[in-house]
file final-v5.json (JSON, C-alpha atoms)
[["chain", "number", "residue", "atom", "x", "y", "z"],
["A", 1, "MET", "CA", -37.62, -15.97, -31.94],
["A", 2, "THR", "CA", -35.54, -14.91, -34.92],
["A", 3, "GLN", "CA", -32.24, -16.60, -35.58],
["A", 4, "GLN", "CA", -30.33, -13.30, -35.38],
["A", 5, "LEU", "CA", -30.46, -12.12, -31.79],
["A", 6, "GLU", "CA", -31.16, -8.42, -31.37],
["A", 7, "ILE", "CA", -28.78, -6.76, -28.93],
["A", 8, "PRO", "CA", -29.93, -3.68, -26.97],
["A", 9, "HIS", "CA", -27.78, -0.59, -27.40],
["A", 10, "ASN", "CA", -26.50, -0.56, -23.80],
["A", 11, "LEU", "CA", -25.42, -4.20, -24.04],
["A", 12, "ALA", "CA", -23.56, -3.87, -27.34],
["A", 13, "SER", "CA", -20.27, -2.99, -25.60],
["A", 14, "ALA", "CA", -20.18, -6.51, -24.14],
["A", 15, "ALA", "CA", -18.75, -7.73, -27.43],
["A", 16, "THR", "CA", -15.53, -5.76, -26.91],
["A", 17, "ASP", "CA", -15.04, -5.36, -23.16],
["A", 18, "GLY", "CA", -14.35, -8.93, -22.06],
["A", 19, "ARG", "CA", -17.94, -10.17, -22.05],
["A", 20, "GLY", "CA", -17.85, -11.47, -25.61],
["A", 21, "ASP", "CA", -18.08, -15.12, -24.57],
["A", 22, "TRP", "CA", -21.20, -14.39, -22.54],
["A", 23, "LEU", "CA", -22.76, -12.52, -25.44],
["A", 24, "ARG", "CA", -21.99, -15.33, -27.92],
["A", 25, "ALA", "CA", -23.64, -17.89, -25.61],
["A", 26, "LEU", "CA", -26.73, -15.72, -25.12],
["A", 27, "PRO", "CA", -28.79, -17.04, -28.08],
["A", 28, "GLU", "CA", -28.52, -20.64, -26.85],
["A", 29, "VAL", "CA", -29.48, -19.66, -23.31],
["A", 30, "ILE", "CA", -32.54, -17.80, -24.58],
["A", 31, "LYS", "CA", -33.49, -20.73, -26.79],
["A", 32, "ASP", "CA", -33.12, -23.10, -23.82],
["A", 33, "VAL", "CA", -35.31, -21.12, -21.42],
["A", 34, "ALA", "CA", -37.86, -20.28, -24.12],
["A", 35, "GLY", "CA", -38.27, -24.01, -24.68],
["A", 36, "ARG", "CA", -38.43, -25.08, -21.05],
["A", 37, "TRP", "CA", -40.89, -22.31, -20.16],
["A", 38, "SER", "CA", -42.88, -22.50, -23.43],
["A", 39, "LEU", "CA", -42.32, -18.85, -24.27],
["A", 40, "SER", "CA", -42.82, -16.77, -27.35],
["A", 41, "VAL", "CA", -40.04, -14.20, -26.95],
["A", 42, "GLY", "CA", -40.20, -10.71, -28.41],
["A", 43, "PRO", "CA", -37.41, -8.24, -29.23],
["A", 44, "PRO", "CA", -35.54, -6.83, -26.22],
["A", 45, "PHE", "CA", -36.45, -3.62, -24.50],
["A", 46, "GLN", "CA", -34.41, -0.66, -25.74],
["A", 47, "PRO", "CA", -32.04, 0.82, -24.79],
["A", 48, "GLY", "CA", -31.85, -1.98, -22.19],
["A", 49, "GLY", "CA", -29.38, -2.50, -19.38],
["A", 50, "SER", "CA", -25.64, -3.08, -19.57],
["A", 51, "THR", "CA", -25.53, -6.50, -17.88],
["A", 52, "ALA", "CA", -28.75, -8.23, -18.95],
["A", 53, "TRP", "CA", -30.88, -9.03, -22.00],
["A", 54, "VAL", "CA", -34.51, -8.26, -21.13],
["A", 55, "SER", "CA", -37.54, -8.75, -23.36],
["A", 56, "PRO", "CA", -41.32, -9.14, -23.27],
["A", 57, "ALA", "CA", -42.55, -12.70, -23.70],
["A", 58, "ARG", "CA", -45.80, -14.62, -23.81],
["A", 59, "ARG", "CA", -46.57, -17.98, -22.21],
["A", 60, "GLN", "CA", -48.67, -20.73, -23.80],
["A", 61, "ASP", "CA", -51.72, -19.59, -21.86],
["A", 62, "GLY", "CA", -51.36, -16.13, -23.42],
["A", 63, "SER", "CA", -50.19, -14.38, -20.26],
["A", 64, "GLU", "CA", -47.58, -11.66, -20.69],
["A", 65, "VAL", "CA", -44.30, -11.95, -18.81],
["A", 66, "VAL", "CA", -40.75, -10.61, -18.95],
["A", 67, "LEU", "CA", -37.66, -12.70, -19.67],
["A", 68, "LYS", "CA", -34.45, -11.41, -18.11],
["A", 69, "VAL", "CA", -31.16, -13.13, -18.94],
["A", 70, "ALA", "CA", -28.38, -11.61, -16.84],
["A", 71, "MET", "CA", -24.66, -12.18, -16.58],
["A", 72, "SER", "CA", -23.37, -13.05, -13.13],
["A", 73, "HIS", "CA", -22.36, -10.04, -11.06],
["A", 74, "PRO", "CA", -21.64, -9.97, -7.31],
["A", 75, "GLU", "CA", -24.01, -7.09, -6.62],
["A", 76, "ALA", "CA", -26.94, -8.67, -8.48],
["A", 77, "ASP", "CA", -26.40, -12.40, -7.93],
["A", 78, "HIS", "CA", -29.25, -12.67, -5.40],
["A", 79, "GLU", "CA", -31.97, -10.84, -7.31],
["A", 80, "ALA", "CA", -34.06, -14.01, -7.48],
["A", 81, "ASP", "CA", -33.66, -14.63, -3.73],
["A", 82, "GLY", "CA", -34.84, -11.12, -2.95],
["A", 83, "LEU", "CA", -37.84, -11.37, -5.25],
["A", 84, "ARG", "CA", -38.80, -14.71, -3.66],
["A", 85, "LEU", "CA", -38.63, -13.12, -0.21],
["A", 86, "TRP", "CA", -40.79, -10.14, -1.20],
["A", 87, "ASN", "CA", -43.20, -12.35, -3.15],
["A", 88, "GLY", "CA", -44.78, -9.50, -5.07],
["A", 89, "ASP", "CA", -45.22, -7.20, -2.06],
["A", 90, "GLY", "CA", -43.89, -3.99, -3.60],
["A", 91, "ALA", "CA", -41.74, -5.74, -6.20],
["A", 92, "VAL", "CA", -42.39, -7.70, -9.38],
["A", 93, "LEU", "CA", -43.26, -11.36, -8.99],
["A", 94, "LEU", "CA", -40.71, -14.04, -9.82],
["A", 95, "PHE", "CA", -42.30, -16.99, -11.65],
["A", 96, "ASP", "CA", -39.22, -19.12, -12.35],
["A", 97, "VAL", "CA", -35.43, -19.07, -12.49],
["A", 98, "ALA", "CA", -32.79, -21.04, -14.38],
["A", 99, "LYS", "CA", -29.06, -20.89, -13.69],
["A", 100, "PHE", "CA", -26.25, -21.53, -16.15],
["A", 101, "ASN", "CA", -22.48, -21.19, -15.72],
["A", 102, "ASP", "CA", -22.25, -17.41, -15.66],
["A", 103, "THR", "CA", -25.84, -16.55, -16.44],
["A", 104, "THR", "CA", -29.16, -16.40, -14.61],
["A", 105, "ALA", "CA", -32.49, -16.38, -16.45],
["A", 106, "LEU", "CA", -35.51, -14.97, -14.64],
["A", 107, "LEU", "CA", -39.15, -15.26, -15.66],
["A", 108, "LEU", "CA", -40.84, -12.19, -14.22],
["A", 109, "GLU", "CA", -44.16, -10.45, -13.92],
["A", 110, "ARG", "CA", -44.71, -7.88, -16.64],
["A", 111, "CYS", "CA", -45.69, -4.41, -15.46],
["A", 112, "VAL", "CA", -48.40, -2.71, -17.49],
["A", 113, "PRO", "CA", -48.38, 0.15, -18.43],
["A", 114, "ALA", "CA", -44.76, 0.12, -17.14],
["A", 115, "THR", "CA", -44.43, 3.91, -16.97],
["A", 116, "MET", "CA", -41.29, 4.82, -15.03],
["A", 117, "LEU", "CA", -41.67, 6.68, -11.77],
["A", 118, "ALA", "CA", -38.95, 8.98, -13.18],
["A", 119, "HIS", "CA", -41.66, 10.58, -15.33],
["A", 120, "ARG", "CA", -43.57, 11.75, -12.25],
["A", 121, "PRO", "CA", -42.88, 14.95, -10.23],
["A", 122, "ALA", "CA", -39.94, 14.87, -7.82],
["A", 123, "GLY", "CA", -42.08, 15.14, -4.70],
["A", 124, "GLU", "CA", -44.17, 12.16, -5.74],
["A", 125, "GLN", "CA", -41.01, 10.18, -6.44],
["A", 126, "ASP", "CA", -39.78, 10.81, -2.88],
["A", 127, "HIS", "CA", -43.03, 9.53, -1.40],
["A", 128, "VAL", "CA", -43.17, 6.41, -3.60],
["A", 129, "VAL", "CA", -39.52, 5.46, -3.06],
["A", 130, "SER", "CA", -39.69, 5.84, 0.72],
["A", 131, "GLY", "CA", -43.01, 4.00, 0.95],
["A", 132, "LEU", "CA", -41.78, 1.06, -1.11],
["A", 133, "LEU", "CA", -38.56, 0.80, 0.86],
["A", 134, "ARG", "CA", -40.39, 0.68, 4.19],
["A", 135, "ARG", "CA", -42.40, -2.27, 2.82],
["A", 136, "LEU", "CA", -39.38, -4.08, 1.39],
["A", 137, "TRP", "CA", -37.13, -3.82, 4.45],
["A", 138, "ARG", "CA", -37.47, -7.23, 6.06],
["A", 139, "VAL", "CA", -35.59, -8.97, 8.85],
["A", 140, "PRO", "CA", -33.18, -11.32, 7.04],
["A", 141, "PRO", "CA", -34.46, -14.90, 7.31],
["A", 142, "ALA", "CA", -32.30, -17.55, 8.96],
["A", 143, "GLY", "CA", -29.76, -19.00, 6.55],
["A", 144, "HIS", "CA", -30.29, -16.23, 3.99],
["A", 145, "PRO", "CA", -27.86, -16.01, 1.03],
["A", 146, "PHE", "CA", -27.51, -12.24, 0.86],
["A", 147, "ARG", "CA", -24.11, -10.56, 1.05],
["A", 148, "PRO", "CA", -23.50, -7.96, 3.76],
["A", 149, "LEU", "CA", -23.63, -4.30, 2.76],
["A", 150, "ALA", "CA", -20.28, -3.86, 4.55],
["A", 151, "GLU", "CA", -18.65, -6.18, 2.01],
["A", 152, "MET", "CA", -19.92, -4.19, -0.95],
["A", 153, "CYS", "CA", -18.90, -0.86, 0.61],
["A", 154, "ALA", "CA", -15.43, -2.15, 1.42],
["A", 155, "THR", "CA", -14.97, -3.29, -2.19],
["A", 156, "TRP", "CA", -16.10, 0.07, -3.55],
["A", 157, "ALA", "CA", -13.86, 1.92, -1.07],
["A", 158, "ASP", "CA", -10.87, -0.19, -2.17],
["A", 159, "GLN", "CA", -11.66, 0.60, -5.80],
["A", 160, "PHE", "CA", -11.86, 4.32, -4.98],
["A", 161, "ASP", "CA", -8.51, 4.23, -3.15],
["A", 162, "GLU", "CA", -6.89, 2.54, -6.14],
["A", 163, "ARG", "CA", -8.31, 5.01, -8.67],
["A", 164, "VAL", "CA", -7.66, 8.18, -6.66],
["A", 165, "ARG", "CA", -3.92, 7.46, -6.77],
["A", 166, "THR", "CA", -3.87, 8.42, -10.44],
["A", 167, "GLN", "CA", -7.16, 10.30, -10.94],
["A", 168, "PRO", "CA", -7.70, 13.68, -9.28],
["A", 169, "SER", "CA", -10.76, 13.97, -7.08],
["A", 170, "ALA", "CA", -13.15, 16.92, -7.03],
["A", 171, "VAL", "CA", -13.15, 16.66, -3.23],
["A", 172, "ASP", "CA", -10.59, 18.08, -0.81],
["A", 173, "ALA", "CA", -8.08, 15.43, 0.30],
["A", 174, "GLY", "CA", -9.11, 15.72, 3.94],
["A", 175, "LEU", "CA", -12.77, 15.24, 3.06],
["A", 176, "VAL", "CA", -11.83, 12.27, 0.88],
["A", 177, "ARG", "CA", -10.19, 10.57, 3.86],
["A", 178, "GLU", "CA", -13.16, 11.33, 6.10],
["A", 179, "GLY", "CA", -15.75, 10.30, 3.51],
["A", 180, "ILE", "CA", -14.13, 7.01, 2.54],
["A", 181, "GLY", "CA", -13.48, 6.26, 6.20],
["A", 182, "LEU", "CA", -17.20, 6.72, 6.88],
["A", 183, "PHE", "CA", -18.08, 4.64, 3.83],
["A", 184, "ARG", "CA", -16.14, 1.77, 5.42],
["A", 185, "SER", "CA", -17.32, 2.27, 9.01],
["A", 186, "LEU", "CA", -21.02, 3.17, 8.69],
["A", 187, "PRO", "CA", -22.09, -0.32, 7.58],
["A", 188, "GLN", "CA", -20.44, -1.75, 10.70],
["A", 189, "CYS", "CA", -22.47, 0.23, 13.23],
["A", 190, "ALA", "CA", -26.08, 0.06, 12.06],
["A", 191, "ALA", "CA", -28.81, -0.10, 14.68],
["A", 192, "ARG", "CA", -30.51, -2.85, 12.68],
["A", 193, "ASP", "CA", -29.94, -4.97, 9.59],
["A", 194, "VAL", "CA", -32.59, -5.51, 6.94],
["A", 195, "VAL", "CA", -32.77, -6.90, 3.43],
["A", 196, "LEU", "CA", -31.89, -3.99, 1.14],
["A", 197, "VAL", "CA", -32.67, -3.20, -2.50],
["A", 198, "THR", "CA", -29.44, -1.08, -2.81],
["A", 199, "ASP", "CA", -30.11, 0.19, -6.36],
["A", 200, "LEU", "CA", -33.53, 1.75, -6.02],
["A", 201, "HIS", "CA", -34.11, 4.83, -8.16],
["A", 202, "ALA", "CA", -37.05, 6.16, -10.11],
["A", 203, "GLU", "CA", -36.18, 4.32, -13.34],
["A", 204, "ASN", "CA", -36.34, 1.00, -11.47],
["A", 205, "ILE", "CA", -39.92, 1.57, -10.32],
["A", 206, "LEU", "CA", -42.69, 0.89, -12.84],
["A", 207, "ALA", "CA", -46.42, 1.53, -12.89],
["A", 208, "SER", "CA", -48.53, -1.62, -12.82],
["A", 209, "HIS", "CA", -52.17, -2.67, -12.80],
["A", 210, "ARG", "CA", -51.57, -5.01, -9.83],
["A", 211, "GLU", "CA", -50.11, -2.25, -7.67],
["A", 212, "PRO", "CA", -49.60, 1.43, -8.43],
["A", 213, "TRP", "CA", -45.80, 0.98, -8.44],
["A", 214, "LEU", "CA", -43.50, -2.04, -8.41],
["A", 215, "VAL", "CA", -39.73, -2.34, -7.95],
["A", 216, "ILE", "CA", -37.64, -4.04, -10.63],
["A", 217, "ASP", "CA", -33.96, -4.96, -10.85],
["A", 218, "PRO", "CA", -33.12, -5.16, -7.12],
["A", 219, "LYS", "CA", -29.58, -5.93, -5.96],
["A", 220, "PRO", "CA", -30.29, -7.35, -2.49],
["A", 221, "HIS", "CA", -27.80, -7.12, 0.35],
["A", 222, "VAL", "CA", -28.24, -7.09, 4.12],
["A", 223, "GLY", "CA", -27.39, -4.06, 6.19],
["A", 224, "ASP", "CA", -28.28, -0.55, 7.30],
["A", 225, "PRO", "CA", -31.64, 0.63, 5.88],
["A", 226, "THR", "CA", -30.32, 4.21, 5.85],
["A", 227, "TYR", "CA", -28.13, 3.28, 2.89],
["A", 228, "ASP", "CA", -31.10, 2.29, 0.76],
["A", 229, "VAL", "CA", -32.42, 5.81, -0.01],
["A", 230, "LEU", "CA", -29.06, 6.99, -1.37],
["A", 231, "GLN", "CA", -29.40, 5.85, -4.99],
["A", 232, "HIS", "CA", -32.67, 7.76, -5.32],
["A", 233, "MET", "CA", -31.09, 10.84, -3.75],
["A", 234, "LEU", "CA", -28.02, 10.74, -6.02],
["A", 235, "THR", "CA", -30.22, 10.65, -9.11],
["A", 236, "SER", "CA", -32.51, 13.46, -7.87],
["A", 237, "THR", "CA", -30.32, 16.22, -9.26],
["A", 238, "GLU", "CA", -32.32, 19.34, -8.39],
["A", 239, "PRO", "CA", -32.95, 18.75, -4.66],
["A", 240, "LEU", "CA", -29.54, 17.12, -4.16],
["A", 241, "HIS", "CA", -27.62, 20.09, -5.56],
["A", 242, "GLY", "CA", -30.10, 22.78, -4.55],
["A", 243, "ASP", "CA", -30.51, 21.96, -0.86],
["A", 244, "PRO", "CA", -28.77, 18.73, 0.13],
["A", 245, "ARG", "CA", -29.42, 19.10, 3.86],
["A", 246, "GLY", "CA", -33.07, 19.90, 3.30],
["A", 247, "PHE", "CA", -33.29, 16.86, 1.02],
["A", 248, "VAL", "CA", -31.72, 14.72, 3.75],
["A", 249, "GLN", "CA", -34.32, 15.88, 6.24],
["A", 250, "ARG", "CA", -37.19, 15.24, 3.82],
["A", 251, "MET", "CA", -36.09, 11.71, 2.90],
["A", 252, "ALA", "CA", -35.22, 10.83, 6.50],
["A", 253, "ASP", "CA", -38.70, 11.88, 7.60],
["A", 254, "LEU", "CA", -40.44, 10.01, 4.77],
["A", 255, "ALA", "CA", -38.43, 6.82, 5.27],
["A", 256, "GLU", "CA", -38.44, 7.08, 9.09],
["A", 257, "LEU", "CA", -34.65, 7.26, 9.33],
["A", 258, "ASP", "CA", -32.19, 9.18, 11.51],
["A", 259, "HIS", "CA", -31.40, 12.57, 9.92],
["A", 260, "GLU", "CA", -27.78, 12.77, 11.09],
["A", 261, "ARG", "CA", -26.96, 9.25, 10.00],
["A", 262, "LEU", "CA", -28.47, 9.81, 6.56],
["A", 263, "ALA", "CA", -26.43, 13.02, 6.19],
["A", 264, "LEU", "CA", -23.24, 11.06, 6.99],
["A", 265, "TRP", "CA", -24.14, 8.32, 4.53],
["A", 266, "LEU", "CA", -24.92, 10.80, 1.75],
["A", 267, "PHE", "CA", -21.67, 12.69, 2.40],
["A", 268, "ALA", "CA", -19.70, 9.42, 2.25],
["A", 269, "ARG", "CA", -21.46, 8.24, -0.91],
["A", 270, "CYS", "CA", -20.92, 11.60, -2.65],
["A", 271, "VAL", "CA", -17.20, 11.30, -1.93],
["A", 272, "GLN", "CA", -17.13, 7.70, -3.16],
["A", 273, "GLU", "CA", -18.92, 8.62, -6.40],
["A", 274, "SER", "CA", -17.04, 11.88, -6.99],
["A", 275, "LEU", "CA", -14.48, 10.41, -9.40],
["A", 276, "ASP", "CA", -17.24, 9.58, -11.87],
["A", 277, "TRP", "CA", -19.58, 12.45, -10.92],
["A", 278, "PRO", "CA", -17.31, 15.45, -10.16],
["A", 279, "ALA", "CA", -20.34, 17.68, -9.47],
["A", 280, "LEU", "CA", -20.89, 15.66, -6.30],
["A", 281, "GLY", "CA", -17.76, 17.24, -4.87],
["A", 282, "SER", "CA", -19.61, 20.45, -4.00],
["A", 283, "VAL", "CA", -22.47, 18.44, -2.47],
["A", 284, "ALA", "CA", -19.98, 16.52, -0.33],
["A", 285, "ALA", "CA", -18.42, 19.79, 0.86],
["A", 286, "ARG", "CA", -21.86, 21.10, 1.95],
["A", 287, "LEU", "CA", -22.65, 17.87, 3.79],
["A", 288, "ALA", "CA", -19.24, 17.42, 5.47],
["A", 289, "PRO", "CA", -19.48, 16.83, 9.21],
["A", 290, "CYS", "CA", -18.55, 19.87, 11.30]]
call {"tool": "encode", "arguments": {"input": "final-v5.json", "output": "structure tokens"}}
result
Amino acid sequence: MTQQLEIPHNLASAATDGRGDWLRALPEVIKDVAGRWSLSVGPPFQPGGSTAWVSPARRQDGSEVVLKVAMSHPEADHEADGLRLWNGDGAVLLFDVAKFNDTTALLLERCVPATMLAHRPAGEQDHVVSGLLRRLWRVPPAGHPFRPLAEMCATWADQFDERVRTQPSAVDAGLVREGIGLFRSLPQCAARDVVLVTDLHAENILASHREPWLVIDPKPHVGDPTYDVLQHMLTSTEPLHGDPRGFVQRMADLAELDHERLALWLFARCVQESLDWPALGSVAARLAPC
């Protein structure tokens, strides 16, 4: 490893947005885990993520792996626990983990050729995402560490309520109240609770020799499986904006979910995301309950 640590473009803002201490400590953390795991570490993937330094690496036996060094974040703190639970069944394998004060280092399976599912046709993406989710949804084991989905949704709803006081929403005020109310209440009335990925979209699914597609970068929580298709749907621009109700029916059928409940969840999530994605306001209006 070179003495000067290369910083991916998406992580560069950490130096000026309050994460400077974490960024300054990063070289020593990488040096530590490279030593303990006997790794030859390459330059980081570009553009990279905004909360983790991720690079290809090679072990002493010549096997190729991925080193991920991530700052602590409530949504992603249990990535290692989720990967242990799934044990390579639809997700990348976790080989080892090391925890520091505000940092977690993960030694992960490397996907080859690592082509993103996002490069495949939309219809194929729908099938792959729904199929992987059905495999990953597990009954939470006794004593599990995962946070409840309801806790995350309540936090996001509180953040929305705070922001909407000073930032106009693209959604009618009455629909805002209904949508954020649903965003708080839907996690409380699920028919079943499973271990969720929560951030599954086509850029977080990579082609691999071991399996056709593997999930990376999960943010496990426990709650309603209906929630788990939403991130894919929000990033599927054409079907979401072209025919949101038809898209709901398609994804509900593929993932074996209740159509009406998925429509409510997507409506609520479009409202919650509308401050950052104003175009979702029109989608929310089309999905609003009668």
call {"tool": "atom_distance", "arguments": {"input": "final-v5.json", "atom1": "CA of Gly35 in chain A", "atom2": "CA of Trp22 in chain A"}}
result
19.7 Å
call {"tool": "atom_distance", "arguments": {"input": "final-v5.json", "atom1": "CA of Asp258 in chain A", "atom2": "CA of Met233 in chain A"}}
result
15.4 Å
call {"tool": "closest_residue", "arguments": {"input": "final-v5.json", "among": "A:Leu214, A:Ala105, A:Val176, A:Val222", "to": "Asp193 in chain A", "atoms": "all atoms listed in the file"}}
result
A:Val222
call {"tool": "atom_distance", "arguments": {"input": "final-v5.json", "atom1": "CA of Gly179 in chain A", "atom2": "CA of Ala150 in chain A"}}
result
14.9 Å
call {"tool": "residues_around", "arguments": {"input": "final-v5.json", "residues": "Ala173 in chain A", "least_positions_apart": "4", "cutoff": "12 Å", "atoms": "only C-alpha atoms", "output": "list in words"}}
result
Asp161, Val164, Arg165, Pro168, Ser169, Arg177, Glu178, Gly179, Ile180, Val271, Gly281, Ala284 and Ala285 of chain A
call {"tool": "closest_residue", "arguments": {"input": "final-v5.json", "among": "A:Gly49, A:Pro278, A:Pro44, A:Pro56", "to": "Ala170 in chain A", "atoms": "all atoms listed in the file"}}
result
A:Pro278
call {"tool": "residues_around", "arguments": {"input": "final-v5.json", "residues": "range 111-117 of chain A", "least_positions_apart": "5", "cutoff": "8 Å", "atoms": "all atoms listed in the file", "output": "PyMOL selection string"}}
result
chain A and resi 92+125+202-209+213-214
call {"tool": "write_last_selection", "arguments": {"input": "final-v5.json", "atoms": "C-alpha atoms", "output": "mmCIF file, in the coordinates of the input"}}
result
data_model
loop_
_atom_site.group_PDB
_atom_site.id
_atom_site.type_symbol
_atom_site.label_atom_id
_atom_site.label_comp_id
_atom_site.auth_asym_id
_atom_site.auth_seq_id
_atom_site.Cartn_x
_atom_site.Cartn_y
_atom_site.Cartn_z
ATOM 1 C CA VAL A 92 -42.390 -7.700 -9.380
ATOM 2 C CA GLN A 125 -41.010 10.180 -6.440
ATOM 3 C CA ALA A 202 -37.050 6.160 -10.110
ATOM 4 C CA GLU A 203 -36.180 4.320 -13.340
ATOM 5 C CA ASN A 204 -36.340 1.000 -11.470
ATOM 6 C CA ILE A 205 -39.920 1.570 -10.320
ATOM 7 C CA LEU A 206 -42.690 0.890 -12.840
ATOM 8 C CA ALA A 207 -46.420 1.530 -12.890
ATOM 9 C CA SER A 208 -48.530 -1.620 -12.820
ATOM 10 C CA HIS A 209 -52.170 -2.670 -12.800
ATOM 11 C CA TRP A 213 -45.800 0.980 -8.440
ATOM 12 C CA LEU A 214 -43.500 -2.040 -8.410
#
call {"tool": "residues_around", "arguments": {"input": "final-v5.json", "residues": "Pro8 in chain A", "least_positions_apart": "5", "cutoff": "7 Å", "atoms": "only C-alpha atoms", "output": "PyMOL selection string"}}
result
chain A and resi 44-48
call {"tool": "write_last_selection", "arguments": {"input": "final-v5.json", "atoms": "C-alpha atoms", "output": "PDB file, keeping the file's coordinate frame"}}
result
ATOM      1  CA  PRO A  44     -35.540  -6.830 -26.220  1.00  0.00           C
ATOM      2  CA  PHE A  45     -36.450  -3.620 -24.500  1.00  0.00           C
ATOM      3  CA  GLN A  46     -34.410  -0.660 -25.740  1.00  0.00           C
ATOM      4  CA  PRO A  47     -32.040   0.820 -24.790  1.00  0.00           C
ATOM      5  CA  GLY A  48     -31.850  -1.980 -22.190  1.00  0.00           C
TER       6      GLY A  48
END
call {"tool": "closest_residue", "arguments": {"input": "final-v5.json", "among": "A:Ala191, A:Leu23, A:Leu132, A:Val33", "to": "Glu211 in chain A", "atoms": "only C-alpha atoms"}}
result
A:Leu132
call {"tool": "residues_near_point", "arguments": {"input": "final-v5.json", "point": "(-16.5, 8.8, -3.5)", "cutoff": "9 Å", "atoms": "all atoms listed in the file", "output": "PyMOL selection string"}}
result
chain A and resi 156-157+160+169+171+176+179-180+183+267-277+280-281
call {"tool": "write_last_selection", "arguments": {"input": "final-v5.json", "atoms": "C-alpha atoms", "output": "PDB file, keeping the file's coordinate frame"}}
result
ATOM      1  CA  TRP A 156     -16.100   0.070  -3.550  1.00  0.00           C
ATOM      2  CA  ALA A 157     -13.860   1.920  -1.070  1.00  0.00           C
ATOM      3  CA  PHE A 160     -11.860   4.320  -4.980  1.00  0.00           C
ATOM      4  CA  SER A 169     -10.760  13.970  -7.080  1.00  0.00           C
ATOM      5  CA  VAL A 171     -13.150  16.660  -3.230  1.00  0.00           C
ATOM      6  CA  VAL A 176     -11.830  12.270   0.880  1.00  0.00           C
ATOM      7  CA  GLY A 179     -15.750  10.300   3.510  1.00  0.00           C
ATOM      8  CA  ILE A 180     -14.130   7.010   2.540  1.00  0.00           C
ATOM      9  CA  PHE A 183     -18.080   4.640   3.830  1.00  0.00           C
ATOM     10  CA  PHE A 267     -21.670  12.690   2.400  1.00  0.00           C
ATOM     11  CA  ALA A 268     -19.700   9.420   2.250  1.00  0.00           C
ATOM     12  CA  ARG A 269     -21.460   8.240  -0.910  1.00  0.00           C
ATOM     13  CA  CYS A 270     -20.920  11.600  -2.650  1.00  0.00           C
ATOM     14  CA  VAL A 271     -17.200  11.300  -1.930  1.00  0.00           C
ATOM     15  CA  GLN A 272     -17.130   7.700  -3.160  1.00  0.00           C
ATOM     16  CA  GLU A 273     -18.920   8.620  -6.400  1.00  0.00           C
ATOM     17  CA  SER A 274     -17.040  11.880  -6.990  1.00  0.00           C
ATOM     18  CA  LEU A 275     -14.480  10.410  -9.400  1.00  0.00           C
ATOM     19  CA  ASP A 276     -17.240   9.580 -11.870  1.00  0.00           C
ATOM     20  CA  TRP A 277     -19.580  12.450 -10.920  1.00  0.00           C
ATOM     21  CA  LEU A 280     -20.890  15.660  -6.300  1.00  0.00           C
ATOM     22  CA  GLY A 281     -17.760  17.240  -4.870  1.00  0.00           C
TER      23      GLY A 281
END
call {"tool": "closest_residue", "arguments": {"input": "final-v5.json", "among": "A:Ile7, A:Ala98, A:Val215, A:Leu107", "to": "Leu39 in chain A", "atoms": "all atoms listed in the file"}}
result
A:Leu107
call {"tool": "build_atoms", "arguments": {"input": "final-v5.json", "residues": "range 66-77 of chain A", "atoms": "N, CA and C atoms", "output": "CSV table (one decimal), in the frame of the given file"}}
result
chain,number,residue,atom,x,y,z
A,66,VAL,N,-42.0,-11.2,-18.5
A,66,VAL,CA,-40.8,-10.6,-19.0
A,66,VAL,C,-39.7,-11.7,-18.8
A,67,LEU,N,-38.8,-11.8,-19.8
A,67,LEU,CA,-37.7,-12.7,-19.7
A,67,LEU,C,-36.4,-11.8,-19.5
A,68,LYS,N,-35.7,-12.1,-18.4
A,68,LYS,CA,-34.4,-11.4,-18.1
A,68,LYS,C,-33.3,-12.4,-18.1
A,69,VAL,N,-32.3,-12.2,-18.9
A,69,VAL,CA,-31.2,-13.1,-18.9
A,69,VAL,C,-30.0,-12.3,-18.6
A,70,ALA,N,-29.4,-12.5,-17.4
A,70,ALA,CA,-28.4,-11.6,-16.8
A,70,ALA,C,-27.1,-12.3,-16.6
A,71,MET,N,-26.0,-11.6,-16.9
A,71,MET,CA,-24.7,-12.2,-16.6
A,71,MET,C,-24.4,-12.1,-15.1
A,72,SER,N,-23.7,-13.0,-14.6
A,72,SER,CA,-23.4,-13.0,-13.1
A,72,SER,C,-22.6,-11.8,-12.7
A,73,HIS,N,-23.0,-11.2,-11.6
A,73,HIS,CA,-22.4,-10.0,-11.1
A,73,HIS,C,-22.6,-10.0,-9.6
A,74,PRO,N,-21.5,-9.8,-8.8
A,74,PRO,CA,-21.6,-10.0,-7.3
A,74,PRO,C,-22.8,-9.2,-6.7
A,75,GLU,N,-23.0,-7.9,-7.2
A,75,GLU,CA,-24.0,-7.1,-6.6
A,75,GLU,C,-25.4,-7.6,-6.9
A,76,ALA,N,-25.6,-8.3,-8.0
A,76,ALA,CA,-26.9,-8.7,-8.5
A,76,ALA,C,-27.2,-10.2,-8.4
A,77,ASP,N,-26.3,-10.9,-7.9
A,77,ASP,CA,-26.4,-12.4,-7.9
A,77,ASP,C,-27.6,-12.9,-7.2
